[in-house]
Protein chains: 2
Amino acid sequence: MDPIRIVEVKEAVLADNDAAARSNKERMKAQNTVLINLMGSPGAGKTSTLLQLIARMKDTLRIGVMEADVDSDVDAQTIGDAGVRVIQLHTAGLCHMDADMTRRGLEAMGTKDLDVIFLENIGNLVCPAEFEVGADLRMMILSVPEGDDKPLKYPLMFTVSDVMIVNKIDTAPIFDFDLAAACERACALNPRLAVFPVSARTGEGFDELADYLKAFIQERRAQA
Amino acid sequence: MDPIRIVEVKEAVLADNDAAARSNKERMKAQNTVLINLMGSPGAGKTSTLLQLIARMKDTLRIGVMEADVDSDVDAQTIGDAGVRVIQLHTAGLCHMDADMTRRGLEAMGTKDLDVIFLENIGNLVCPAEFEVGADLRMMILSVPEGDDKPLKYPLMFTVSDVMIVNKIDTAPIFDFDLAAACERACALNPRLAVFPVSARTGEGFDELADYLKAFIQERRAQA
């Protein structure tokens with residue numbers, strides 16, 4: 001494949017991130033493209049989750065991926081190898097993507113012919129939850145080795161997300177991870193949270209998640 | 001035990017975090033107390049690492065722990081049960097501890113009769129690396145399930161740390177984690193990094209780490 005394009009995106013000194021997020025959302029809606037913000041800790045499995053989803057969605061949907069990282073382009077290379085459009089965003093050390101950085105990424109990648117765009121946010125369970133980027137859907141990954149107490153300690157991420165993906169579910173016995181307890185704690189913060197236990201290593205659970213996303217994308221695009 | 005004391009620490013509008021960090025360092029040095037900043041991703045095992053270290057160090061050293069969290073006091077309760085002085089710091093949503101927040105934590109906990117204080121920083125592999133708190137030693141935890149590529153993606157944390165603890169090493173075969181590759185990547189950024197593979201579940205590797213810390217603390221206190 002071609003070399004990965006890398007764009008340096010720096011934090012904007014914007015008074016109103018929410019206004020910039022709304023503007024992103026309106027622009028994507030106008031061209032009938034769905035934007036999904038994927039968040040989670042370092043190593044939770046964001047890139048491998050995208051690979052599983054791309055394999056199940058790329059035959060019927062035109063997919064773009066924006067890989068946001070503090071440094072490196074290893075994730076973008078991996079995604080590019082999966083045969084979808086990808087751009088690497090570097091955040092100059094910043095720990096999250098904001099709406100204006102997202103806008104610049106969208107413009108640099110080119111989005112008009114895409115049905116759905118995944119933004120893989122910086123690996124961080126705190127800051128990305130505080131910044132709207134204009135996404136139609138916010139998905140967060142809690143991976144089993146992180147522990148089932150994370151909703152207690154990082155409540156905002158679980159509160160603002162629409163979907164909680166519980167990754168590495170095949171290792172639950174090794175880590176004494178209590179899925180019911182994790183769900184209960186997360187859903188106490190956010191009763192409308194949709195929960196999908198998966199394993200990006202075995203593929204378990206991804207048919208259900210891909211079906212959910214396809215239905216969401218279809219419904220959202222029908223409204224546009 | 002008594003209820004955990006919780007202190008709300010908010011970000012200071014300080015022009016010079018480094019100056020505040022130097023001030024913390026001088027104050028701790030003047031009273032012969034060593035301050036250790038413990039960092040890592042959510043779920044990397046910071047609290048369980050502290051429990052293993054406390055068990056090996058509390059007979060010969062007077063230990064204090066500052067638990068920094070966005071929310072909850074579950075970690076502080078756990079540490080308090082281990083029989084050392086502990087205070088819970090809440091960061092009002094902020095993703096890292098800065099030097100002035102650390103000062104307020106030290107003052108609220110009371111430190112004059114302590115030999116060593118561990119600051120368990122917010123679970124985050126990005127932001128805490130950017131803020132000096134005045135620690136004598138910076139330890140970061142990379143846990144095996146996060147993956148051996150993390151030094152490539154979050155280089156600053158590996159660059160500013162003195163010690164890399166590789167936790168959950170007992171799960172390395174399950175996660176295809178290459179310890180040599182992780183070390184090579186981290187040490188390329190920071191050749192003086194001391195690496196300790198451990199398992200906070202089995203206790204493996206903690207005798208070596210505790211011995212290293214005891215020697216460091218002894219040497220540092222002898223200089224004071």
# chains A, B, ... in the order shown; residues from 1 in each chain; ligands from 1
>>> interface_residues(of="chain A", to="chain B", cutoff="8 Å", atoms="only C-alpha atoms", output="ChimeraX atom specification")
/A:41-44,69-72,93-95,123-127,145-147,150,152-155
>>> residues_around(residues="range 188-195 of chain B", least_positions_apart="5", cutoff="9 Å", atoms="only C-alpha atoms", output="PDB file with N, CA, C and O atoms, in the first residue's frame")
ATOM      1  N   PRO B 151       5.690   1.641  24.158  1.00  0.00           N
ATOM      2  CA  PRO B 151       6.741   2.670  24.115  1.00  0.00           C
ATOM      3  C   PRO B 151       6.746   3.456  22.809  1.00  0.00           C
ATOM      4  O   PRO B 151       7.097   4.641  22.789  1.00  0.00           O
ATOM      5  N   PRO B 155       5.614   7.634  23.962  1.00  0.00           N
ATOM      6  CA  PRO B 155       7.047   7.670  24.274  1.00  0.00           C
ATOM      7  C   PRO B 155       7.415   8.523  25.487  1.00  0.00           C
ATOM      8  O   PRO B 155       8.363   8.186  26.190  1.00  0.00           O
ATOM      9  N   LEU B 156       6.673   9.602  25.745  1.00  0.00           N
ATOM     10  CA  LEU B 156       7.118  10.500  26.815  1.00  0.00           C
ATOM     11  C   LEU B 156       7.148   9.794  28.174  1.00  0.00           C
ATOM     12  O   LEU B 156       8.077   9.976  28.965  1.00  0.00           O
ATOM     13  N   PHE B 158       7.747   6.759  28.911  1.00  0.00           N
ATOM     14  CA  PHE B 158       8.914   5.887  29.023  1.00  0.00           C
ATOM     15  C   PHE B 158      10.204   6.708  29.096  1.00  0.00           C
ATOM     16  O   PHE B 158      11.197   6.261  29.650  1.00  0.00           O
ATOM     17  N   THR B 159      10.163   7.896  28.530  1.00  0.00           N
ATOM     18  CA  THR B 159      11.339   8.763  28.512  1.00  0.00           C
ATOM     19  C   THR B 159      11.602   9.409  29.867  1.00  0.00           C
ATOM     20  O   THR B 159      12.744   9.548  30.282  1.00  0.00           O
ATOM     21  N   VAL B 160      10.530   9.799  30.555  1.00  0.00           N
ATOM     22  CA  VAL B 160      10.714  10.549  31.807  1.00  0.00           C
ATOM     23  C   VAL B 160      10.802   9.648  33.037  1.00  0.00           C
ATOM     24  O   VAL B 160      11.081  10.128  34.136  1.00  0.00           O
ATOM     25  N   SER B 161      10.534   8.348  32.872  1.00  0.00           N
ATOM     26  CA  SER B 161      10.519   7.464  34.042  1.00  0.00           C
ATOM     27  C   SER B 161      11.912   6.929  34.360  1.00  0.00           C
ATOM     28  O   SER B 161      12.766   6.802  33.490  1.00  0.00           O
ATOM     29  N   ASP B 162      12.132   6.617  35.640  1.00  0.00           N
ATOM     30  CA  ASP B 162      13.380   5.994  36.079  1.00  0.00           C
ATOM     31  C   ASP B 162      13.246   4.474  36.096  1.00  0.00           C
ATOM     32  O   ASP B 162      14.222   3.755  35.911  1.00  0.00           O
ATOM     33  N   VAL B 163      12.028   4.003  36.374  1.00  0.00           N
ATOM     34  CA  VAL B 163      11.778   2.567  36.513  1.00  0.00           C
ATOM     35  C   VAL B 163      10.583   2.185  35.659  1.00  0.00           C
ATOM     36  O   VAL B 163       9.559   2.878  35.666  1.00  0.00           O
ATOM     37  N   MET B 164      10.709   1.090  34.905  1.00  0.00           N
ATOM     38  CA  MET B 164       9.565   0.504  34.204  1.00  0.00           C
ATOM     39  C   MET B 164       9.249  -0.839  34.863  1.00  0.00           C
ATOM     40  O   MET B 164      10.070  -1.753  34.827  1.00  0.00           O
ATOM     41  N   ILE B 165       8.071  -0.919  35.474  1.00  0.00           N
ATOM     42  CA  ILE B 165       7.598  -2.176  36.040  1.00  0.00           C
ATOM     43  C   ILE B 165       6.736  -2.841  34.975  1.00  0.00           C
ATOM     44  O   ILE B 165       5.781  -2.235  34.482  1.00  0.00           O
ATOM     45  N   VAL B 166       7.076  -4.056  34.581  1.00  0.00           N
ATOM     46  CA  VAL B 166       6.264  -4.773  33.597  1.00  0.00           C
ATOM     47  C   VAL B 166       5.393  -5.758  34.373  1.00  0.00           C
ATOM     48  O   VAL B 166       5.844  -6.827  34.786  1.00  0.00           O
ATOM     49  N   CYS B 183      11.298  -3.963  26.197  1.00  0.00           N
ATOM     50  CA  CYS B 183      12.467  -3.346  26.828  1.00  0.00           C
ATOM     51  C   CYS B 183      13.310  -2.597  25.811  1.00  0.00           C
ATOM     52  O   CYS B 183      13.785  -1.479  26.067  1.00  0.00           O
TER      53      CYS B 183
END
>>> residues_around(residues="Lys58 in chain A", least_positions_apart="4", cutoff="9 Å", atoms="only C-alpha atoms", output="JSON, numbers by chain")
{"A": [53, 54, 62, 63, 83, 84]}
>>> closest_residue(among="A:Ala55, A:Gln77, A:Ala135, A:Ile36", to="Leu213 in chain A", atoms="only C-alpha atoms")
A:Ile36
>>> calpha_fit_and_write(fixed="chain B", moving="chain A", output="PDB file with C-alpha atoms, in the first residue's frame")
ATOM      1  CA  MET A   1      -9.837   1.249  60.178  1.00  0.00           C
ATOM      2  CA  ASP A   2     -10.922   4.894  60.226  1.00  0.00           C
ATOM      3  CA  PRO A   3     -12.829   6.295  57.263  1.00  0.00           C
ATOM      4  CA  ILE A   4     -10.538   7.353  54.432  1.00  0.00           C
ATOM      5  CA  ARG A   5      -9.883  11.063  54.353  1.00  0.00           C
ATOM      6  CA  ILE A   6     -10.730  12.562  50.961  1.00  0.00           C
ATOM      7  CA  VAL A   7      -9.224  15.841  49.780  1.00  0.00           C
ATOM      8  CA  GLU A   8     -10.419  17.695  46.692  1.00  0.00           C
ATOM      9  CA  VAL A   9      -7.400  19.051  44.844  1.00  0.00           C
ATOM     10  CA  LYS A  10      -7.998  21.352  41.912  1.00  0.00           C
ATOM     11  CA  GLU A  11      -5.597  22.401  39.216  1.00  0.00           C
ATOM     12  CA  ALA A  12      -3.657  25.491  40.147  1.00  0.00           C
ATOM     13  CA  VAL A  13      -3.312  28.344  37.703  1.00  0.00           C
ATOM     14  CA  LEU A  14       0.404  28.325  38.220  1.00  0.00           C
ATOM     15  CA  ALA A  15       2.748  29.782  35.670  1.00  0.00           C
ATOM     16  CA  ASP A  16       5.548  27.494  36.674  1.00  0.00           C
ATOM     17  CA  ASN A  17       4.763  23.893  37.594  1.00  0.00           C
ATOM     18  CA  ASP A  18       8.482  23.076  37.590  1.00  0.00           C
ATOM     19  CA  ALA A  19       9.155  25.663  40.306  1.00  0.00           C
ATOM     20  CA  ALA A  20       6.374  24.191  42.447  1.00  0.00           C
ATOM     21  CA  ALA A  21       7.830  20.721  41.855  1.00  0.00           C
ATOM     22  CA  ARG A  22      11.283  21.870  42.954  1.00  0.00           C
ATOM     23  CA  SER A  23       9.734  23.355  46.073  1.00  0.00           C
ATOM     24  CA  ASN A  24       8.044  20.026  46.916  1.00  0.00           C
ATOM     25  CA  LYS A  25      11.337  18.231  46.393  1.00  0.00           C
ATOM     26  CA  GLU A  26      13.246  20.600  48.650  1.00  0.00           C
ATOM     27  CA  ARG A  27      10.635  20.323  51.403  1.00  0.00           C
ATOM     28  CA  MET A  28      10.705  16.537  51.304  1.00  0.00           C
ATOM     29  CA  LYS A  29      14.502  16.526  51.254  1.00  0.00           C
ATOM     30  CA  ALA A  30      14.650  18.851  54.255  1.00  0.00           C
ATOM     31  CA  GLN A  31      12.600  16.398  56.323  1.00  0.00           C
ATOM     32  CA  ASN A  32      14.391  13.353  54.829  1.00  0.00           C
ATOM     33  CA  THR A  33      11.331  11.877  53.132  1.00  0.00           C
ATOM     34  CA  VAL A  34      11.530  10.229  49.699  1.00  0.00           C
ATOM     35  CA  LEU A  35       8.663  10.871  47.254  1.00  0.00           C
ATOM     36  CA  ILE A  36       7.919   8.312  44.531  1.00  0.00           C
ATOM     37  CA  ASN A  37       5.528   9.053  41.641  1.00  0.00           C
ATOM     38  CA  LEU A  38       3.799   5.881  40.369  1.00  0.00           C
ATOM     39  CA  MET A  39       2.172   6.156  36.954  1.00  0.00           C
ATOM     40  CA  GLY A  40       0.485   3.894  34.411  1.00  0.00           C
ATOM     41  CA  SER A  41      -2.680   3.215  32.417  1.00  0.00           C
ATOM     42  CA  PRO A  42      -6.019   2.441  34.067  1.00  0.00           C
ATOM     43  CA  GLY A  43      -5.909  -1.143  35.289  1.00  0.00           C
ATOM     44  CA  ALA A  44      -2.145  -1.543  34.853  1.00  0.00           C
ATOM     45  CA  GLY A  45      -1.974  -2.617  38.493  1.00  0.00           C
ATOM     46  CA  LYS A  46      -0.775   0.428  40.390  1.00  0.00           C
ATOM     47  CA  THR A  47      -2.678  -0.334  43.587  1.00  0.00           C
ATOM     48  CA  SER A  48      -1.877  -4.051  43.626  1.00  0.00           C
ATOM     49  CA  THR A  49       1.780  -3.200  42.980  1.00  0.00           C
ATOM     50  CA  LEU A  50       1.723  -0.909  46.014  1.00  0.00           C
ATOM     51  CA  LEU A  51       0.196  -3.687  48.128  1.00  0.00           C
ATOM     52  CA  GLN A  52       3.041  -6.036  47.183  1.00  0.00           C
ATOM     53  CA  LEU A  53       5.639  -3.359  47.947  1.00  0.00           C
ATOM     54  CA  ILE A  54       4.029  -2.307  51.231  1.00  0.00           C
ATOM     55  CA  ALA A  55       4.099  -5.923  52.441  1.00  0.00           C
ATOM     56  CA  ARG A  56       7.861  -6.027  51.807  1.00  0.00           C
ATOM     57  CA  MET A  57       8.743  -2.545  53.063  1.00  0.00           C
ATOM     58  CA  LYS A  58       6.489  -1.586  55.936  1.00  0.00           C
ATOM     59  CA  ASP A  59       8.491  -3.378  58.629  1.00  0.00           C
ATOM     60  CA  THR A  60      11.556  -1.236  57.989  1.00  0.00           C
ATOM     61  CA  LEU A  61      10.122   1.968  56.535  1.00  0.00           C
ATOM     62  CA  ARG A  62       7.351   4.382  57.535  1.00  0.00           C
ATOM     63  CA  ILE A  63       5.200   4.563  54.417  1.00  0.00           C
ATOM     64  CA  GLY A  64       2.511   6.986  53.264  1.00  0.00           C
ATOM     65  CA  VAL A  65       0.373   6.659  50.149  1.00  0.00           C
ATOM     66  CA  MET A  66      -1.501   9.402  48.287  1.00  0.00           C
ATOM     67  CA  GLU A  67      -4.185   7.891  46.068  1.00  0.00           C
ATOM     68  CA  ALA A  68      -5.114  10.265  43.260  1.00  0.00           C
ATOM     69  CA  ASP A  69      -8.326   9.471  41.432  1.00  0.00           C
ATOM     70  CA  VAL A  70     -10.887  11.265  39.355  1.00  0.00           C
ATOM     71  CA  ASP A  71     -13.512   9.678  41.562  1.00  0.00           C
ATOM     72  CA  SER A  72     -14.153   6.937  44.185  1.00  0.00           C
ATOM     73  CA  ASP A  73     -12.034   5.870  47.125  1.00  0.00           C
ATOM     74  CA  VAL A  74     -11.798   2.129  46.455  1.00  0.00           C
ATOM     75  CA  ASP A  75      -8.011   2.219  46.036  1.00  0.00           C
ATOM     76  CA  ALA A  76      -7.470   4.219  49.208  1.00  0.00           C
ATOM     77  CA  GLN A  77      -9.643   1.806  51.169  1.00  0.00           C
ATOM     78  CA  THR A  78      -7.565  -1.094  49.859  1.00  0.00           C
ATOM     79  CA  ILE A  79      -4.280   0.608  50.760  1.00  0.00           C
ATOM     80  CA  GLY A  80      -5.570   1.678  54.154  1.00  0.00           C
ATOM     81  CA  ASP A  81      -6.420  -1.934  54.933  1.00  0.00           C
ATOM     82  CA  ALA A  82      -2.721  -2.747  54.368  1.00  0.00           C
ATOM     83  CA  GLY A  83      -1.884  -0.713  57.459  1.00  0.00           C
ATOM     84  CA  VAL A  84      -0.123   2.372  56.141  1.00  0.00           C
ATOM     85  CA  ARG A  85      -1.107   6.033  56.179  1.00  0.00           C
ATOM     86  CA  VAL A  86      -3.227   6.910  53.181  1.00  0.00           C
ATOM     87  CA  ILE A  87      -5.075   9.875  51.801  1.00  0.00           C
ATOM     88  CA  GLN A  88      -7.472   9.991  48.856  1.00  0.00           C
ATOM     89  CA  LEU A  89      -7.051  12.915  46.468  1.00  0.00           C
ATOM     90  CA  HIS A  90      -9.826  13.774  44.038  1.00  0.00           C
ATOM     91  CA  THR A  91      -8.741  15.753  41.003  1.00  0.00           C
ATOM     92  CA  ALA A  92     -12.115  17.222  39.982  1.00  0.00           C
ATOM     93  CA  GLY A  93     -11.981  15.447  36.630  1.00  0.00           C
ATOM     94  CA  LEU A  94      -8.375  16.350  35.888  1.00  0.00           C
ATOM     95  CA  CYS A  95      -6.316  13.644  34.182  1.00  0.00           C
ATOM     96  CA  HIS A  96      -3.059  14.083  36.077  1.00  0.00           C
ATOM     97  CA  MET A  97      -1.524  15.392  39.277  1.00  0.00           C
ATOM     98  CA  ASP A  98       0.486  18.599  39.104  1.00  0.00           C
ATOM     99  CA  ALA A  99       2.994  19.909  41.618  1.00  0.00           C
ATOM    100  CA  ASP A 100       0.637  22.188  43.511  1.00  0.00           C
ATOM    101  CA  MET A 101      -2.018  19.483  43.831  1.00  0.00           C
ATOM    102  CA  THR A 102       0.733  17.230  45.163  1.00  0.00           C
ATOM    103  CA  ARG A 103       1.767  19.887  47.688  1.00  0.00           C
ATOM    104  CA  ARG A 104      -1.786  20.110  48.977  1.00  0.00           C
ATOM    105  CA  GLY A 105      -1.967  16.337  49.268  1.00  0.00           C
ATOM    106  CA  LEU A 106       1.303  16.192  51.205  1.00  0.00           C
ATOM    107  CA  GLU A 107       0.146  18.904  53.589  1.00  0.00           C
ATOM    108  CA  ALA A 108      -3.241  17.293  54.149  1.00  0.00           C
ATOM    109  CA  MET A 109      -1.738  13.853  54.809  1.00  0.00           C
ATOM    110  CA  GLY A 110       1.070  15.011  57.094  1.00  0.00           C
ATOM    111  CA  THR A 111       4.492  13.725  56.098  1.00  0.00           C
ATOM    112  CA  LYS A 112       7.094  14.694  58.712  1.00  0.00           C
ATOM    113  CA  ASP A 113       7.298  11.261  60.309  1.00  0.00           C
ATOM    114  CA  LEU A 114       7.334   9.321  57.014  1.00  0.00           C
ATOM    115  CA  ASP A 115      10.367   7.778  55.290  1.00  0.00           C
ATOM    116  CA  VAL A 116       8.762   7.287  51.907  1.00  0.00           C
ATOM    117  CA  ILE A 117       5.602   8.460  50.183  1.00  0.00           C
ATOM    118  CA  PHE A 118       4.089   6.876  47.108  1.00  0.00           C
ATOM    119  CA  LEU A 119       1.880   9.057  44.932  1.00  0.00           C
ATOM    120  CA  GLU A 120      -0.401   6.806  42.920  1.00  0.00           C
ATOM    121  CA  ASN A 121      -1.115   9.066  39.968  1.00  0.00           C
ATOM    122  CA  ILE A 122      -4.289   9.074  37.825  1.00  0.00           C
ATOM    123  CA  GLY A 123      -4.516   6.075  35.492  1.00  0.00           C
ATOM    124  CA  ASN A 124      -3.218   7.641  32.301  1.00  0.00           C
ATOM    125  CA  LEU A 125      -0.200   6.942  30.110  1.00  0.00           C
ATOM    126  CA  VAL A 126      -0.094  10.435  28.592  1.00  0.00           C
ATOM    127  CA  CYS A 127      -0.654  13.460  30.824  1.00  0.00           C
ATOM    128  CA  PRO A 128       1.056  12.506  34.119  1.00  0.00           C
ATOM    129  CA  ALA A 129       4.329  12.224  32.176  1.00  0.00           C
ATOM    130  CA  GLU A 130       4.129  15.936  31.370  1.00  0.00           C
ATOM    131  CA  PHE A 131       3.879  17.162  34.947  1.00  0.00           C
ATOM    132  CA  GLU A 132       6.732  17.041  37.432  1.00  0.00           C
ATOM    133  CA  VAL A 133       5.432  16.725  40.974  1.00  0.00           C
ATOM    134  CA  GLY A 134       8.796  16.900  42.721  1.00  0.00           C
ATOM    135  CA  ALA A 135       9.360  13.165  43.039  1.00  0.00           C
ATOM    136  CA  ASP A 136      12.760  11.623  43.743  1.00  0.00           C
ATOM    137  CA  LEU A 137      11.856   8.618  41.607  1.00  0.00           C
ATOM    138  CA  ARG A 138       9.368   8.145  38.767  1.00  0.00           C
ATOM    139  CA  MET A 139       8.072   4.607  38.324  1.00  0.00           C
ATOM    140  CA  MET A 140       5.731   3.633  35.502  1.00  0.00           C
ATOM    141  CA  ILE A 141       3.878   0.376  35.022  1.00  0.00           C
ATOM    142  CA  LEU A 142       3.405  -1.221  31.636  1.00  0.00           C
ATOM    143  CA  SER A 143       1.070  -4.184  32.009  1.00  0.00           C
ATOM    144  CA  VAL A 144       1.400  -7.121  29.643  1.00  0.00           C
ATOM    145  CA  PRO A 145      -2.163  -6.998  28.217  1.00  0.00           C
ATOM    146  CA  GLU A 146      -1.536  -3.416  27.016  1.00  0.00           C
ATOM    147  CA  GLY A 147       0.986  -4.739  24.511  1.00  0.00           C
ATOM    148  CA  ASP A 148       4.718  -4.476  23.882  1.00  0.00           C
ATOM    149  CA  ASP A 149       4.262  -1.622  21.374  1.00  0.00           C
ATOM    150  CA  LYS A 150       3.298   0.985  23.963  1.00  0.00           C
ATOM    151  CA  PRO A 151       6.730   2.679  24.120  1.00  0.00           C
ATOM    152  CA  LEU A 152       6.274   3.528  20.424  1.00  0.00           C
ATOM    153  CA  LYS A 153       2.880   5.115  20.988  1.00  0.00           C
ATOM    154  CA  TYR A 154       3.326   6.839  24.349  1.00  0.00           C
ATOM    155  CA  PRO A 155       7.039   7.677  24.267  1.00  0.00           C
ATOM    156  CA  LEU A 156       7.120  10.507  26.812  1.00  0.00           C
ATOM    157  CA  MET A 157       6.078   8.293  29.731  1.00  0.00           C
ATOM    158  CA  PHE A 158       8.923   5.887  29.021  1.00  0.00           C
ATOM    159  CA  THR A 159      11.349   8.764  28.507  1.00  0.00           C
ATOM    160  CA  VAL A 160      10.716  10.546  31.807  1.00  0.00           C
ATOM    161  CA  SER A 161      10.532   7.467  34.042  1.00  0.00           C
ATOM    162  CA  ASP A 162      13.376   6.000  36.068  1.00  0.00           C
ATOM    163  CA  VAL A 163      11.784   2.570  36.520  1.00  0.00           C
ATOM    164  CA  MET A 164       9.564   0.514  34.211  1.00  0.00           C
ATOM    165  CA  ILE A 165       7.602  -2.171  36.041  1.00  0.00           C
ATOM    166  CA  VAL A 166       6.263  -4.778  33.607  1.00  0.00           C
ATOM    167  CA  ASN A 167       3.244  -6.127  35.472  1.00  0.00           C
ATOM    168  CA  LYS A 168       1.073  -9.213  34.829  1.00  0.00           C
ATOM    169  CA  ILE A 169       4.171 -10.929  33.453  1.00  0.00           C
ATOM    170  CA  ASP A 170       2.520 -14.300  34.244  1.00  0.00           C
ATOM    171  CA  THR A 171       0.101 -13.612  31.365  1.00  0.00           C
ATOM    172  CA  ALA A 172       2.820 -12.929  28.756  1.00  0.00           C
ATOM    173  CA  PRO A 173       2.200 -16.189  26.830  1.00  0.00           C
ATOM    174  CA  ILE A 174      -1.544 -15.497  26.596  1.00  0.00           C
ATOM    175  CA  PHE A 175      -1.026 -12.036  25.139  1.00  0.00           C
ATOM    176  CA  ASP A 176       1.987 -12.848  22.901  1.00  0.00           C
ATOM    177  CA  PHE A 177       3.862 -10.182  24.817  1.00  0.00           C
ATOM    178  CA  ASP A 178       7.531  -9.908  23.867  1.00  0.00           C
ATOM    179  CA  LEU A 179       9.377  -8.625  26.958  1.00  0.00           C
ATOM    180  CA  ALA A 180      12.651  -8.188  25.094  1.00  0.00           C
ATOM    181  CA  ALA A 181      10.928  -6.113  22.401  1.00  0.00           C
ATOM    182  CA  ALA A 182       9.168  -3.948  25.003  1.00  0.00           C
ATOM    183  CA  CYS A 183      12.464  -3.351  26.836  1.00  0.00           C
ATOM    184  CA  GLU A 184      14.305  -2.605  23.622  1.00  0.00           C
ATOM    185  CA  ARG A 185      11.706  -0.027  22.564  1.00  0.00           C
ATOM    186  CA  ALA A 186      11.617   1.595  26.003  1.00  0.00           C
ATOM    187  CA  CYS A 187      15.379   1.596  26.458  1.00  0.00           C
ATOM    188  CA  ALA A 188      15.879   3.131  22.998  1.00  0.00           C
ATOM    189  CA  LEU A 189      13.982   6.131  24.385  1.00  0.00           C
ATOM    190  CA  ASN A 190      15.639   6.015  27.777  1.00  0.00           C
ATOM    191  CA  PRO A 191      18.806   3.923  28.174  1.00  0.00           C
ATOM    192  CA  ARG A 192      18.997   4.430  31.970  1.00  0.00           C
ATOM    193  CA  LEU A 193      15.529   2.898  32.547  1.00  0.00           C
ATOM    194  CA  ALA A 194      15.549   0.116  35.177  1.00  0.00           C
ATOM    195  CA  VAL A 195      13.188  -2.700  34.213  1.00  0.00           C
ATOM    196  CA  PHE A 196      11.407  -5.038  36.654  1.00  0.00           C
ATOM    197  CA  PRO A 197       9.101  -7.788  35.335  1.00  0.00           C
ATOM    198  CA  VAL A 198       6.587  -8.641  38.079  1.00  0.00           C
ATOM    199  CA  SER A 199       3.217 -10.168  38.732  1.00  0.00           C
ATOM    200  CA  ALA A 200       1.151  -8.446  41.392  1.00  0.00           C
ATOM    201  CA  ARG A 201      -1.076 -11.529  41.380  1.00  0.00           C
ATOM    202  CA  THR A 202       1.626 -14.128  42.093  1.00  0.00           C
ATOM    203  CA  GLY A 203       4.177 -11.834  43.792  1.00  0.00           C
ATOM    204  CA  GLU A 204       6.847 -12.824  41.259  1.00  0.00           C
ATOM    205  CA  GLY A 205       9.587 -10.212  40.895  1.00  0.00           C
ATOM    206  CA  PHE A 206       8.585  -8.070  43.869  1.00  0.00           C
ATOM    207  CA  ASP A 207      11.459  -9.081  46.142  1.00  0.00           C
ATOM    208  CA  GLU A 208      13.855  -7.641  43.557  1.00  0.00           C
ATOM    209  CA  LEU A 209      11.820  -4.457  43.105  1.00  0.00           C
ATOM    210  CA  ALA A 210      11.436  -3.923  46.865  1.00  0.00           C
ATOM    211  CA  ASP A 211      15.176  -4.423  47.362  1.00  0.00           C
ATOM    212  CA  TYR A 212      15.897  -1.888  44.623  1.00  0.00           C
ATOM    213  CA  LEU A 213      13.565   0.649  46.233  1.00  0.00           C
ATOM    214  CA  LYS A 214      14.922   0.078  49.739  1.00  0.00           C
ATOM    215  CA  ALA A 215      18.459   0.666  48.458  1.00  0.00           C
ATOM    216  CA  PHE A 216      17.346   3.778  46.574  1.00  0.00           C
ATOM    217  CA  ILE A 217      15.538   5.183  49.616  1.00  0.00           C
ATOM    218  CA  GLN A 218      18.480   4.451  51.914  1.00  0.00           C
ATOM    219  CA  GLU A 219      20.950   6.102  49.548  1.00  0.00           C
ATOM    220  CA  ARG A 220      18.724   9.120  48.982  1.00  0.00           C
ATOM    221  CA  ARG A 221      18.128   9.604  52.699  1.00  0.00           C
ATOM    222  CA  ALA A 222      21.853   9.259  53.455  1.00  0.00           C
ATOM    223  CA  GLN A 223      22.476  12.210  51.102  1.00  0.00           C
ATOM    224  CA  ALA A 224      19.963  14.453  52.849  1.00  0.00           C
TER     225      ALA A 224
END
>>> select_by_dssp(residues="range 96-210 of chain B", states="strand (DSSP E or B)", output="list in words")
Val116, Ile117, Phe118, Leu119, Glu120, Asn121, Ile122, Gly123, Asn124, Leu137, Arg138, Met139, Met140, Ile141, Leu142, Ser143, Val163, Met164, Ile165, Val166, Asn167, Ala194, Val195, Phe196 and Pro197 of chain B
>>> select_by_dssp(residues="range 5-162 of chain B", states="helix (DSSP H, G or I)", output="PyMOL selection string")
chain B and resi 17-30+46-57+74-81+99-109+127-130+144-146+150-153+155-160
